[in-house]
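K.L.:
Just passing along the structure, written as structure tokens.
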Number of protein chains: 2
Amino acid sequence: MKIIVVGSVAAGTSAAAKAKRNTEDVQITIYDKDSDISYSGCGIPYYVGTDIEKREELTPRNASWFKKRYDFDIYTRHEVLSIDAKKKEALVKNLNTQEEFIDSYDKLVIATGASPIVPPIDGINKKNVFSVRNVESADYIRKYILENKPKKAVVVGGGFIGLEMVENLSNRGIEVTLIDRENQIMPSMDKDVTINVEKYLKEKNISLLFKEKVINFIGEEKINTVVTDSGKEIEADLVIMAVGVKPNVNLAKRAGITLGETGAIKVNEKMQTNIEDIYAAGDCVESLSLITKQPIYHPLGSTANKMGRIVGDQITGGSLTFRGILGTGIFKVFDLAIAQTGLSEKEAVRLGYDIEIIHNIKPNQPTYYPGSSEMVIKAIADRKNGKILGAQIVGKKGVDKRIDVFVTAITFGAKAEDLFHLDLAYAPPFSTTKDPVMYTGMALDNAISKNRKLITPKELIKRLENREDIVIIDARAKKQYDEAHVDGAISIPLGELREKAKELDFNKPIVTYCNKGVTGNAAQNVLLNMGFKEVYNLSGGHKNYKVFMNI
Amino acid sequence: MKIIVVGSVAAGTSAAAKAKRNTEDVQITIYDKDSDISYSGCGIPYYVGTDIEKREELTPRNASWFKKRYDFDIYTRHEVLSIDAKKKEALVKNLNTQEEFIDSYDKLVIATGASPIVPPIDGINKKNVFSVRNVESADYIRKYILENKPKKAVVVGGGFIGLEMVENLSNRGIEVTLIDRENQIMPSMDKDVTINVEKYLKEKNISLLFKEKVINFIGEEKINTVVTDSGKEIEADLVIMAVGVKPNVNLAKRAGITLGETGAIKVNEKMQTNIEDIYAAGDCVESLSLITKQPIYHPLGSTANKMGRIVGDQITGGSLTFRGILGTGIFKVFDLAIAQTGLSEKEAVRLGYDIEIIHNIKPNQPTYYPGSSEMVIKAIADRKNGKILGAQIVGKKGVDKRIDVFVTAITFGAKAEDLFHLDLAYAPPFSTTKDPVMYTGMALDNAISKNRKLITPKELIKRLENREDIVIIDARAKKQYDEAHVDGAISIPLGELREKAKELDFNKPIVTYCNKGVTGNAAQNVLLNMGFKEVYNLSGGHKNYKVFMNI
């Protein structure tokens, strides 16, 4: 059987390798129009920065490595121009010799990846405006930095690539301004989570410009000023464009392959396109959300790898299928880790879910153990059935662990109540006796099924703006209340609450809070147990409120 | 309703707090014969060492904190001498005044914890022989170290408390010898896993004495020599006994409460003992294995906390039940993390499971990313249904994350094939594109359902000793083979295998291997795809073989 694979980064090489692992009875040829193969796209920002010194570390495998191990042929700088699905032929152009030739296949795999979006802005093609596409583009950025020693950089786009570039440019001593059209970084996350990161970035001397669209780059050979739609002018010796990627679907489109509603190639669970014997995998393909069962476009190296392996199995008669993704993501910016899986609040609301929300602020390990560090977990659950729908986490330590536990739990349909029962690994260097994930599940379960309702700062402020008469009780010590408190709150320290609650109006809604939520919950319990009917605990307490109000 | 709780460390205070969170309509009294309450037992080794300087960090809460928050009363140095279940009364002795009195209850909770086993060895009561029981015992050890500046210590017992003490004594500059009756540390783990830790401990200048039983301590006021049954004499200025703990069940026994087969108190899923209105929780209680559904005794702070919360809910009319545990454990010794969940190989074999075994050696993050570090994952799955039965992990980074993903997956009944599909969080600082957990699942699934069989070094050696005629192929480069190889192996580098395999005997079993397993698997695939029938990949490759053979 003859197999042609178009593209040799993550998905393409995975597909070919898996096919060859399954059977010797295949002859595989891979074409890629670029020079580099099987590189780690996600490592590129660290090669631009100072963490990875050698290019070879990102491109450890060459064509001869694959030939030796898997006995398949990779032709780089070979572009597949078109596919004739009836004849089962591909027209290929050797970009070195400009020669064109036809190759035939029994099965063809499209793994053409994605490309950075390059918006039509004047000056975007100037020599110091870069996108992060592949190792070659990283070479250019790196070379430019080393030769020109830029002092000021603008990164356009606050997605994870943009933020990783912010860190790596900053690590090279460059003053960085980040510009985004939205009012936040990471558009897939909720603002009340990203605000923690934004606060941190400011502490790291990163300038943030939100709700600004870049409309012009000024400069001759090189640009020196970035102009936004509000008229701001920002000096820059270097610009990184990181406003997102789009799937490379031109070849597929020309071959008559159907695209999905996200604009990426539509495939079934076997990774088959609508055309017989043509499969697709990787960043050019749309995924399926495990939660909503709807198509989503979420290009990522790990998913590309997975899809590639599935294609390789399918084209050799295997039964592996693609089950869908949660849209998990993680990235690091300086010392901070930011992770997400499943649905955000805004996404869940848009999709019509009735959700419960918790902001859970917990240390990664007991505070008595050296190096303990706090994380914020925002998690949401479906009020209808208690199922966990998503989690977003920001913190310096142990964030990756907690998101992966959420990923695993959500994959198996975990309800909030299930998290408490997990027999997670406990020892002081690694976790608290009840892991933050367990607390998150407990609080959500209590809110959904035990009437221990939570209210987010956003919801509280909205209800106050609607002139609702809500009693807000600060359950902390009086001294803490005096230092700072929620607008309109009264001070009743928990120890006095049993006595003083008798004076409160049983008919008014009450919101309790403390620093992070635990004492607020205790106060809520006291009031509910005394017979108060509508009592909320402020999600994440005063700490979360403060961050949200940007105080 | 009147509730008496006996014991105020993890389970007792959890039970009382949860009861009070559920309802104001309870009057709770806790008695504890010790002075300290609600302390972190697991933090004690770090208080003996240099990581935790202040005693208060381990005992952050006192009786008045609980009174203020939960309005319940804790009496320390009050021993409950007996329970009259008919009259629903407890006889209590104030250890300060020696006064005895009777208190009555509607519900009683036994949370008497566990105590270190003190074997009847001559000299064990001498002043420099210590057990690690509570904060007070840690005070004694600490004081002894600071005042006497011991140079040599012996730790008896290689469980996690013993090993944590080894680290912490060593961190104080003390030369440590660890003695264990078994041929390994951590008896709940498999020797082919613990051997990685043992090797590391030797590098850290810890002397290990296995298969030795301490039979005598020599010395006057203080002991100075530890004598073992083989006649070894080890000098010691300080001895830590850490040979295990036993549940404190005397009070329960006297009250007519049934003990389980493990010797700990038997309870149902509501944490009820056989006597009406008497519940039990924590280290004095036996657990249920989620996997085997059999009772196990696995005392741990996290489980005690969980059980306490469940009791608190049950005694106030709640519906929370105890689902069982996986026997998860984790600990750190110097820079190394060692974790375990579910069944070990020896346990699974003892229970009659037909298992597949993988030793998966993987970096926690891409090797190109700074600080990458390797871990060994040994995982086992049930050949009958593909379900993951257990995992053991040793490594410096990311061990806690992987064990918790296994915990979560096993809890939900994950099969080996499910692990590959997890949408775990990927970015170079946190993981490889395919996480080690995913690889583990892939290899086990391939072995179980795709005929990509694995063989452990132990099994291979056993078969060779039985004079089986097995062809062993070293698929690495010839140079690596020349440096060191598996006994009896021939060298056929992967690139030459397709050609040279033709000369091999199709009827003989073949074992392939490389350094860690990936190329060995590739070689195995080639041979199986060429028509060879019985081909195994050596689990963990030459690296695992070397460690196992103690080379």
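Every chain in the structure tokens has a letter given in the order shown (A, B, ...), and although residue numbers restart at 1 in each chain, ligands are simply numbered from 1 in the order shown.
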DSSP on the backbone, alpha helix (DSSP H) only: what residues of segment 209-267 of chain A does that give? Format it as a short mmCIF file (atom, residue, chain, number, x, y, z; two decimals) with all heavy atoms, in the first residue's frame.

P.N.:
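What landed in selection-v6.cif:
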```
data_model
loop_
_atom_site.label_atom_id
_atom_site.label_comp_id
_atom_site.auth_asym_id
_atom_site.auth_seq_id
_atom_site.Cartn_x
_atom_site.Cartn_y
_atom_site.Cartn_z
N ASN A 250 -5.89 25.38 2.09
CA ASN A 250 -6.02 25.65 0.65
C ASN A 250 -5.92 24.38 -0.19
O ASN A 250 -6.73 24.16 -1.09
CB ASN A 250 -4.95 26.66 0.20
CG ASN A 250 -5.33 28.06 0.68
OD1 ASN A 250 -6.51 28.31 0.99
ND2 ASN A 250 -4.37 28.94 0.78
N LEU A 251 -4.94 23.56 0.11
CA LEU A 251 -4.78 22.32 -0.65
C LEU A 251 -6.04 21.46 -0.52
O LEU A 251 -6.56 20.94 -1.51
CB LEU A 251 -3.55 21.56 -0.12
CG LEU A 251 -3.32 20.17 -0.72
CD1 LEU A 251 -2.95 20.28 -2.20
CD2 LEU A 251 -2.23 19.42 0.06
N ALA A 252 -6.53 21.35 0.70
CA ALA A 252 -7.73 20.54 0.93
C ALA A 252 -8.93 21.10 0.17
O ALA A 252 -9.67 20.36 -0.48
CB ALA A 252 -8.02 20.48 2.44
N LYS A 253 -9.10 22.41 0.28
CA LYS A 253 -10.23 23.05 -0.39
C LYS A 253 -10.20 22.78 -1.89
O LYS A 253 -11.21 22.42 -2.49
CB LYS A 253 -10.17 24.56 -0.16
CG LYS A 253 -11.30 25.07 0.74
CD LYS A 253 -10.97 26.41 1.33
CE LYS A 253 -11.36 27.61 0.48
NZ LYS A 253 -11.05 28.86 1.22
N ARG A 254 -9.02 22.96 -2.47
CA ARG A 254 -8.88 22.74 -3.92
C ARG A 254 -9.19 21.30 -4.30
O ARG A 254 -9.66 21.03 -5.41
CB ARG A 254 -7.46 23.10 -4.38
CG ARG A 254 -7.22 24.59 -4.45
CD ARG A 254 -6.01 24.90 -5.35
NE ARG A 254 -4.79 24.21 -4.92
CZ ARG A 254 -3.94 24.70 -4.02
NH1 ARG A 254 -4.17 25.87 -3.43
NH2 ARG A 254 -2.87 24.03 -3.68
#
```

K.L.:
I need the contact residues of chain A against chain B, so if you could list those with any atom within 7 Å, counting only C-alpha atoms, and return them as a PyMOL selection string, that would help.

P.N.:
chain A and resi 21-24+42-43+51-52+57-58+68-69+301-302+323+325-326+328-331+368-370+400-401+404-405+407-409+412+421-428+430+433-434+494-495+522+525-526+529-530

K.L.:
Do you know which residues are at most 9 Å from Pro247 of chain B counting only C-alpha atoms, after dropping those on the same chain fewer than 5 positions away, and could you put them as number ranges by chain?

P.N.:
B: 112-116, 263-265, 283-286, 297, 299

K.L.:
So that I have them on file, write out the residues from the current selection with N, CA and C atoms, as a JSON list (two decimals), in the first residue's frame.

P.N.:
```json
[["chain", "number", "residue", "atom", "x", "y", "z"],
["B", 112, "THR", "N", -9.21, 7.52, 67.74],
["B", 112, "THR", "CA", -8.08, 7.37, 68.66],
["B", 112, "THR", "C", -6.74, 7.21, 67.95],
["B", 113, "GLY", "N", -6.77, 7.16, 66.63],
["B", 113, "GLY", "CA", -5.52, 7.17, 65.89],
["B", 113, "GLY", "C", -4.72, 5.88, 65.96],
["B", 114, "ALA", "N", -3.43, 6.01, 65.72],
["B", 114, "ALA", "CA", -2.54, 4.85, 65.70],
["B", 114, "ALA", "C", -1.28, 5.20, 66.49],
["B", 115, "SER", "N", -0.54, 4.18, 66.89],
["B", 115, "SER", "CA", 0.71, 4.41, 67.61],
["B", 115, "SER", "C", 1.83, 3.62, 66.95],
["B", 116, "PRO", "N", 3.05, 4.11, 67.07],
["B", 116, "PRO", "CA", 4.17, 3.36, 66.52],
["B", 116, "PRO", "C", 4.27, 2.00, 67.20],
["B", 263, "GLY", "N", -7.14, -5.87, 62.06],
["B", 263, "GLY", "CA", -6.86, -5.51, 63.44],
["B", 263, "GLY", "C", -7.35, -4.11, 63.79],
["B", 264, "ALA", "N", -7.77, -3.36, 62.79],
["B", 264, "ALA", "CA", -8.32, -2.03, 63.05],
["B", 264, "ALA", "C", -9.85, -2.13, 63.17],
["B", 265, "ILE", "N", -10.45, -1.03, 63.60],
["B", 265, "ILE", "CA", -11.90, -1.05, 63.82],
["B", 265, "ILE", "C", -12.64, -1.23, 62.49],
["B", 283, "ASP", "N", -7.01, 6.85, 61.74],
["B", 283, "ASP", "CA", -5.98, 5.81, 61.75],
["B", 283, "ASP", "C", -6.33, 4.59, 62.59],
["B", 284, "CYS", "N", -7.41, 4.66, 63.38],
["B", 284, "CYS", "CA", -7.81, 3.48, 64.18],
["B", 284, "CYS", "C", -8.76, 2.58, 63.41],
["B", 285, "VAL", "N", -9.09, 2.98, 62.18],
["B", 285, "VAL", "CA", -10.13, 2.30, 61.40],
["B", 285, "VAL", "C", -9.53, 1.64, 60.17],
["B", 286, "GLU", "N", -10.10, 0.52, 59.76],
["B", 286, "GLU", "CA", -9.61, -0.06, 58.50],
["B", 286, "GLU", "C", -10.40, 0.50, 57.32],
["B", 297, "TYR", "N", -5.59, -1.86, 55.72],
["B", 297, "TYR", "CA", -5.24, -0.89, 56.76],
["B", 297, "TYR", "C", -4.17, 0.01, 56.20],
["B", 299, "PRO", "N", -3.23, 3.70, 57.19],
["B", 299, "PRO", "CA", -3.46, 4.96, 57.91],
["B", 299, "PRO", "C", -2.72, 6.12, 57.26]]
```

K.L.:
As a PyMOL selection string, which residues of segment 345-476 of chain A does DSSP assign to strand (DSSP E or B)?

P.N.:
chain A and resi 355-363+374-382+387-395+415+453-455+471-474

K.L.:
Find the residues around Ser230 of chain B up to 7 Å (only C-alpha atoms counted), leave out those fewer than 2 positions away in its own chain, and share them as a list in words.

P.N.:
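The neighbour list is Glu212, Thr228 and Lys232 of chain B.
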
K.L.:
Kindly export the residues of the current selection with all heavy atoms, as an mmCIF file, in the first residue's frame.

P.N.:
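Output file again_29.cif follows:
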```cif
data_model
loop_
_atom_site.group_PDB
_atom_site.id
_atom_site.type_symbol
_atom_site.label_atom_id
_atom_site.label_comp_id
_atom_site.auth_asym_id
_atom_site.auth_seq_id
_atom_site.Cartn_x
_atom_site.Cartn_y
_atom_site.Cartn_z
ATOM 1 N N GLU B 212 17.937 -7.561 57.839
ATOM 2 C CA GLU B 212 18.545 -7.558 59.173
ATOM 3 C C GLU B 212 17.469 -7.146 60.166
ATOM 4 O O GLU B 212 16.740 -6.187 59.934
ATOM 5 C CB GLU B 212 19.688 -6.523 59.243
ATOM 6 C CG GLU B 212 20.851 -6.798 58.312
ATOM 7 C CD GLU B 212 21.833 -7.822 58.860
ATOM 8 O OE1 GLU B 212 21.704 -8.195 60.046
ATOM 9 O OE2 GLU B 212 22.717 -8.252 58.096
ATOM 10 N N THR B 228 22.188 -6.627 65.274
ATOM 11 C CA THR B 228 21.182 -7.291 64.435
ATOM 12 C C THR B 228 21.300 -8.810 64.565
ATOM 13 O O THR B 228 22.275 -9.327 65.107
ATOM 14 C CB THR B 228 21.355 -6.906 62.947
ATOM 15 O OG1 THR B 228 22.541 -7.538 62.457
ATOM 16 C CG2 THR B 228 21.451 -5.402 62.774
ATOM 17 N N LYS B 232 25.602 -8.289 63.185
ATOM 18 C CA LYS B 232 26.204 -6.979 62.873
ATOM 19 C C LYS B 232 26.046 -6.035 64.061
ATOM 20 O O LYS B 232 25.028 -6.036 64.745
ATOM 21 C CB LYS B 232 25.525 -6.375 61.650
ATOM 22 C CG LYS B 232 25.898 -7.052 60.363
ATOM 23 C CD LYS B 232 25.832 -6.073 59.194
ATOM 24 C CE LYS B 232 26.399 -6.727 57.949
ATOM 25 N NZ LYS B 232 25.714 -7.997 57.593
#
```

K.L.:
Kindly indicate which residue among A:Ile473, A:Ala15, A:Val226, A:Val239 lies nearest to Ile145 of chain A, using only C-alpha atoms for the distances.

P.N.:
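Checking each candidate against Ile145 of chain A, we get A:Val239 as the closest.
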
K.L.:
Just to confirm, what's the straight-line distance from atom CA of Val311 of chain A to atom CA of Ser64 of chain A in Å (one decimal)?

P.N.:
22.6 Å

K.L.:
Need to verify the contact set: segment 92-101 of chain B, 8 Å, only C-alpha atoms, exclusion of same-chain residues closer than 4 positions in sequence. Can you return it as a ChimeraX atom specification?

P.N.:
/B:33,77-82

K.L.:
Write out as number ranges by chain the residues lying within 6 Å of Arg383 of chain B, counting only C-alpha atoms and excluding same-chain residues fewer than 4 positions away.

P.N.:
B: 354-355, 448

K.L.:
Store the residues of this selection in a file with N, CA, C and O atoms, as a PDB file, in the first residue's frame.

P.N.:
```pdb
ATOM      1  N   ASP B 354      -4.206 -11.636  36.441  1.00  0.00           N
ATOM      2  CA  ASP B 354      -3.322 -11.875  35.306  1.00  0.00           C
ATOM      3  C   ASP B 354      -2.915 -10.506  34.773  1.00  0.00           C
ATOM      4  O   ASP B 354      -3.733  -9.787  34.197  1.00  0.00           O
ATOM      5  N   ILE B 355      -1.669 -10.118  34.999  1.00  0.00           N
ATOM      6  CA  ILE B 355      -1.303  -8.719  34.745  1.00  0.00           C
ATOM      7  C   ILE B 355      -0.269  -8.519  33.652  1.00  0.00           C
ATOM      8  O   ILE B 355       0.558  -9.381  33.378  1.00  0.00           O
ATOM      9  N   ILE B 448      -1.486  -5.629  25.725  1.00  0.00           N
ATOM     10  CA  ILE B 448      -2.662  -6.451  26.016  1.00  0.00           C
ATOM     11  C   ILE B 448      -3.467  -6.765  24.760  1.00  0.00           C
ATOM     12  O   ILE B 448      -3.857  -7.900  24.527  1.00  0.00           O
TER      13      ILE B 448
END
```

K.L.:
Counting only C-alpha atoms, which residue out of A:Ala381, A:Leu464, A:Ile361, A:Leu163 sits closest to Lys543 of chain A?

P.N.:
A:Ile361

K.L.:
Please indicate the distance in Å from atom CA of Asp445 of chain B to atom CA of Gly312 of chain A, rounded to one decimal place.

P.N.:
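Interatomic distance here is 16.3 Å.
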
K.L.:
Looking at B:Val109, B:Asp34, B:Glu89, B:Asp180, which one is nearest to Glu136 of chain B, with distances taken over only C-alpha atoms?

P.N.:
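Closest residue, counting only C-alpha atoms: B:Asp34.
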